[in-house]
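To start, the structure under review is shown below, and the notes come after it.
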2 protein chains.
Amino acid sequence: MVDIARQAGVSVATVSKVINDRDGVAAETAERVRQIIAEMGYEASLGARALRSRKTNVIGILVAEFEPFSTELVKGISAAVDGTGYELLAYSGGDHGKAVGWERRSLSLLSGTLIDGAIVVTPTVVRADSSVPVVAIDPHTGPSGLATVDSDNFAGAKQATDYLLALGHRRIGFLGGRSDLESARLRETGFRKACAEAGVEVDESLILVGGYRPDSTDAPAHDLLSRPDRPSAIFAANDLSAIRTMEVAQSLGLRVPDDLSVIGFDDVPEAASAHPALTTVAQPLKQMGAAALGLLIDLINGTPGETHLRLPTHLVERQSCRAIPVDAQR
Amino acid sequence: MVDIARQAGVSVATVSKVINDRDGVAAETAERVRQIIAEMGYEASLGARALRSRKTNVIGILVAEFEPFSTELVKGISAAVDGTGYELLAYSGGDHGKAVGWERRSLSLLSGTLIDGAIVVTPTVVRADSSVPVVAIDPHTGPSGLATVDSDNFAGAKQATDYLLALGHRRIGFLGGRSDLESARLRETGFRKACAEAGVEVDESLILVGGYRPDSTDAPAHDLLSRPDRPSAIFAANDLSAIRTMEVAQSLGLRVPDDLSVIGFDDVPEAASAHPALTTVAQPLKQMGAAALGLLIDLINGTPGETHLRLPTHLVERQSCRAIPVDAQR
DNA sequence: TTGAAAGCGCTAACAA
DNA sequence: TTGTTAGCGCTTTCAA
C-alpha cells in the first residue's frame, strides 16, 4: 500500500479511501490511484484489513476435515453464495477433528478478525457466545443456543430400517455414528422404533458404534460379520462406514448383496460409485448448506427468522440390498 | 489477550511468549497463563498473529468455486495434510471465477499475511513472483514459471476417442473446455490425434466449446444435437459438461446410450451417479491434490524437488457409451 | 524473568 | 480534498 501511495504521490490514507470507495477524494486522484492499483495487481491484505475494520464480507465454513459429507455441504453453500456479495473461507484445523473443541479453536482463530460469520459442520462443542453469528449443521446433542440446520434423521433411519424389514431381514446389525452428535442418536432411535413397530426384537449385541469414520468402522464391522450368527443386513449410520462395511464383508468372502445387505445414510456422491452401488437414505446436503447460508446471512443482517431448519430425507435404492429368500427367513 | 494478561497478572508480552513457547518465562508463570488460556478458550487471532510473525502454518487452497472438480482436489489435499502440522484454508472469491485474475486477487488477499503457501486450482493468470510459494493444479496455457501438477490430458483424451472409435463411432462431437487452460488444449489435441490415426476426418462443425461448465454447455450441446446430421457420440471435455450433455440429449428425446454415446473426463464422484452412469477418463484427483501439497511443502522448506508432476489417467467404463450397430456405421 | 515500546498493513477520526 | 495520527491484536526487540 505504501508503494501504491508513493507511486501515486499521495498518502496511504488516500489510497485506503479509494479502495473502500469513501468519499472525500478528488475524482481525478481516485482514478489515478485505481490505475496504479490495477497495474500493480494490488489487493489489500485480508488479515490487516479485517484487524481494523469490522466487516470483511467473508463467511467462514469450519470443518474438521474435508471429506465427502462436509464437501457436499460446502458445494451447496458455494452455489448459494453466488450473488450475495460474500466470499467463502473453508477452514480445516490440522488434526482432522481429533482434538476436542476444534471448532471453538477454529472459531476464535478466525472470528473477530477474518470472518463476518461462520457455518460450523458437526460441532462437538459450541458456545453460542461467539463474537460472530454462527450456524451449526448437524449439531451435537443437547441444547446449544445456536441456529441449526439438519435433516430428519429419525424419519430417515426409520425409513431405512422399514426397507430392510420389508425385504425380509430380521437380524439387522446397526453401526452407530458419533455418539456426541444428535444425528447419531436420532438414527439409532429411528432404527429401534422401526424394529419395535414391526415386532422385531433388537439383539443388543448387534448394535455397535462405527463413529461415522471408515477407520473406526473396521473393527465393529469385523465383529459383526465374523460371528456365526451374523446379521443378514447392516444399517450403517453413514455412507462412509457403510462403504467400509461392504469392503470388510468382501474381504471376509461375503458377497453384497447376496450374502449381506448393507444400507447407508447421507447419499454422498461416493455412495453411487461404490461396488455395489450403495442403497442409502439421502440427506439434501446441498440444500442444507444453502439453508445454513441463508440463516447466517439473516443473522449477520440482524433479521433472524427461523432458528432451526429440518429438511426431509428420502430413500435411494441402489444395489446393496436384497430380499431374503422366504425359506431362509426366521 | 489483554484479558488473559490481566487475569494472570502479567503483561501481554508474557502471554505471547507462553503461547509461542518462547523461553524466558518462569515455568510457574507459564503454567498459570496456560491454565487461564484453557479456561477462557482463547486462541490467538490468525489475522493479527500473521500480521506480525511470518509463519502461520496455514496452507491456502485457492479455487474459483467449490464444485466437484476442485472439491475432489481439496479432499486429496486434506487427506495428505494430516500429520504435516499444517492447517488448510480453502478460499473462493465470490464471483465464481467470472472475474479475470481472481487467483491473483485471492493470492494477494491472503499471501504475506495469512498463509505460508498456496495451491491454486485452474488458474488463468499467475505471476510466479508471488510473496509465497505457489503450486498450480491444471494450469493455464503457456509458461508460468510455477510448479505445477496435472494429469496426462493428451493421453487421456486419446484414450477416450480411441474407445469411441472402437465402438464404431465415426461422427464424434467434441465439446471443448476453457480455452485458456492447458488441459483443454491437450484434450482437443488428443482427440484430433486419435481421429487422425484412425483415418477419421474430423468435421470441424462438430467441434464446439463447452467451457467445462454446465451452464455454458447448454447451448453448444443443443446445437450439436438438434442438427439433422447430429453426431452418434460426444466427447465432452469434462464430466460436468458431459452430464449436462446427457440431460440436453434426454430433453431432446434422445436416449443415452442408445441414440447417443457420451464420454466425459475427470471422473468426479458425480459421474457415477449420473443417469446413465457416465463413462469417463479418470484423473487421479486425490493424488494430484496430495502431490501438489508435497510439492508446496518442499517449496516452503526450501528443498524444491520436481517442478512439474504429470499423473496418468485411465478409462472408466460405465453405461453412457454403446457400440454402433454395424449396419448403421458409415 | 518480566514488561515497555515499536511496528506488522491497514482503516478511521480528525486536523490542516 | 488531503494528510497526520492513533490503534486494531499480536510478536519481538531491548531495557529493566
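Lettering and numbering for the C-alpha cells are positional, with chains as A, B, ... in the shown order, residues counted from 1 in each chain, and ligands counted from 1 in the shown order.
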
When you get a sec, could you note down which chain C residues fall within 7 Å of chain B, using only C-alpha atoms (C1' of nucleotides), as an MDAnalysis selection string?
chainID C and resid 1 3 8

Would you output that residue set with N, CA and C atoms (P, O5', C5', C4', C3', O3' and C1' of nucleotides), as a PDB file, in the first residue's frame?
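Result written to again07.pdb:
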```pdb
ATOM      1  P    DT C   1      14.146 -18.145  33.909  1.00  0.00           P
ATOM      2  O5'  DT C   1      13.283 -16.842  34.278  1.00  0.00           O
ATOM      3  C5'  DT C   1      12.740 -16.703  35.567  1.00  0.00           C
ATOM      4  C4'  DT C   1      12.096 -15.349  35.599  1.00  0.00           C
ATOM      5  C3'  DT C   1      10.829 -15.251  34.722  1.00  0.00           C
ATOM      6  O3'  DT C   1       9.759 -14.901  35.599  1.00  0.00           O
ATOM      7  C1'  DT C   1      12.283 -13.400  34.340  1.00  0.00           C
ATOM      8  P    DG C   3       5.053  -8.850  33.800  1.00  0.00           P
ATOM      9  O5'  DG C   3       5.600  -7.548  33.055  1.00  0.00           O
ATOM     10  C5'  DG C   3       6.241  -6.564  33.847  1.00  0.00           C
ATOM     11  C4'  DG C   3       6.708  -5.441  32.952  1.00  0.00           C
ATOM     12  C3'  DG C   3       5.619  -4.854  32.057  1.00  0.00           C
ATOM     13  O3'  DG C   3       5.866  -3.469  31.956  1.00  0.00           O
ATOM     14  C1'  DG C   3       7.382  -5.613  30.722  1.00  0.00           C
ATOM     15  P    DC C   8       6.636  -1.921  10.249  1.00  0.00           P
ATOM     16  O5'  DC C   8       5.866  -3.178   9.647  1.00  0.00           O
ATOM     17  C5'  DC C   8       6.340  -4.518   9.816  1.00  0.00           C
ATOM     18  C4'  DC C   8       5.130  -5.432   9.825  1.00  0.00           C
ATOM     19  C3'  DC C   8       4.017  -4.979   8.887  1.00  0.00           C
ATOM     20  O3'  DC C   8       4.134  -5.684   7.651  1.00  0.00           O
ATOM     21  C1'  DC C   8       3.158  -5.629  11.062  1.00  0.00           C
TER      22       DC C   8
END
```

Determine which residues of region 69-267 of chain B receive a DSSP assignment of alpha helix (DSSP H), computed from the backbone, and state them as a PyMOL selection string.
chain B and resi 69-81+102-110+153-166+182-197+214-226+239-251

Please return, as an NGL selection string, all residues of chain D lying within 12 Å of chain B when only C-alpha atoms (C1' of nucleotides) are considered.
:D and (8-13)

Store the residues picked out above in a file with C-alpha atoms (C1' of nucleotides), as a JSON list (two decimals), in the first residue's frame.
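Result file part_21.json:
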```
[["chain", "number", "residue", "atom", "x", "y", "z"],
["D", 8, "DC", "C1'", -6.86, -2.97, 15.56],
["D", 9, "DG", "C1'", -4.32, -7.79, 18.26],
["D", 10, "DC", "C1'", -0.49, -9.63, 18.09],
["D", 11, "DT", "C1'", 5.08, -10.60, 18.29],
["D", 12, "DT", "C1'", 9.56, -9.03, 19.11],
["D", 13, "DT", "C1'", 13.39, -6.48, 20.38]]
```

Just need the residues of chain B within 9 Å of chain A, counting only C-alpha atoms, so spit them out as a PyMOL selection string.
chain B and resi 41-51+58+65-68+71-72+74-79+81-96+104-114+268-274

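The spacing separating CA of Val100 (chain B) from CA of Arg32 (chain A) amounts to 21.2 Å.
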
Name the residues of region 119-157 of chain A that fall into strand (DSSP E) according to DSSP on the backbone, using the chain letters and numbers of this document, as a count of residues only.
12

Near Asp258 (chain B), within 9 Å and counting only C-alpha atoms (C1' of nucleotides), which residues show up once chain neighbours fewer than 4 positions away are dropped, as a PDB file with C-alpha atoms, in the first residue's frame?
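Writing done, so here's part_1.pdb:
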```
ATOM      1  CA  LEU B 254     -32.641 -38.883 -27.335  1.00  0.00           C
ATOM      2  CA  SER B 320     -23.147 -43.958 -21.280  1.00  0.00           C
ATOM      3  CA  CYS B 321     -21.490 -45.431 -24.382  1.00  0.00           C
ATOM      4  CA  ARG B 322     -22.647 -48.099 -26.759  1.00  0.00           C
ATOM      5  CA  ALA B 323     -21.319 -49.723 -29.876  1.00  0.00           C
ATOM      6  CA  ILE B 324     -22.946 -48.599 -33.079  1.00  0.00           C
TER       7      ILE B 324
END
```

For DT4 (chain D), list every protein, DNA or RNA residue within 9 Å, evaluated using only C-alpha atoms (C1' of nucleotides), and leave out those in the same chain fewer than 5 positions away; present the list as a PyMOL selection string.
chain C and resi 14-16
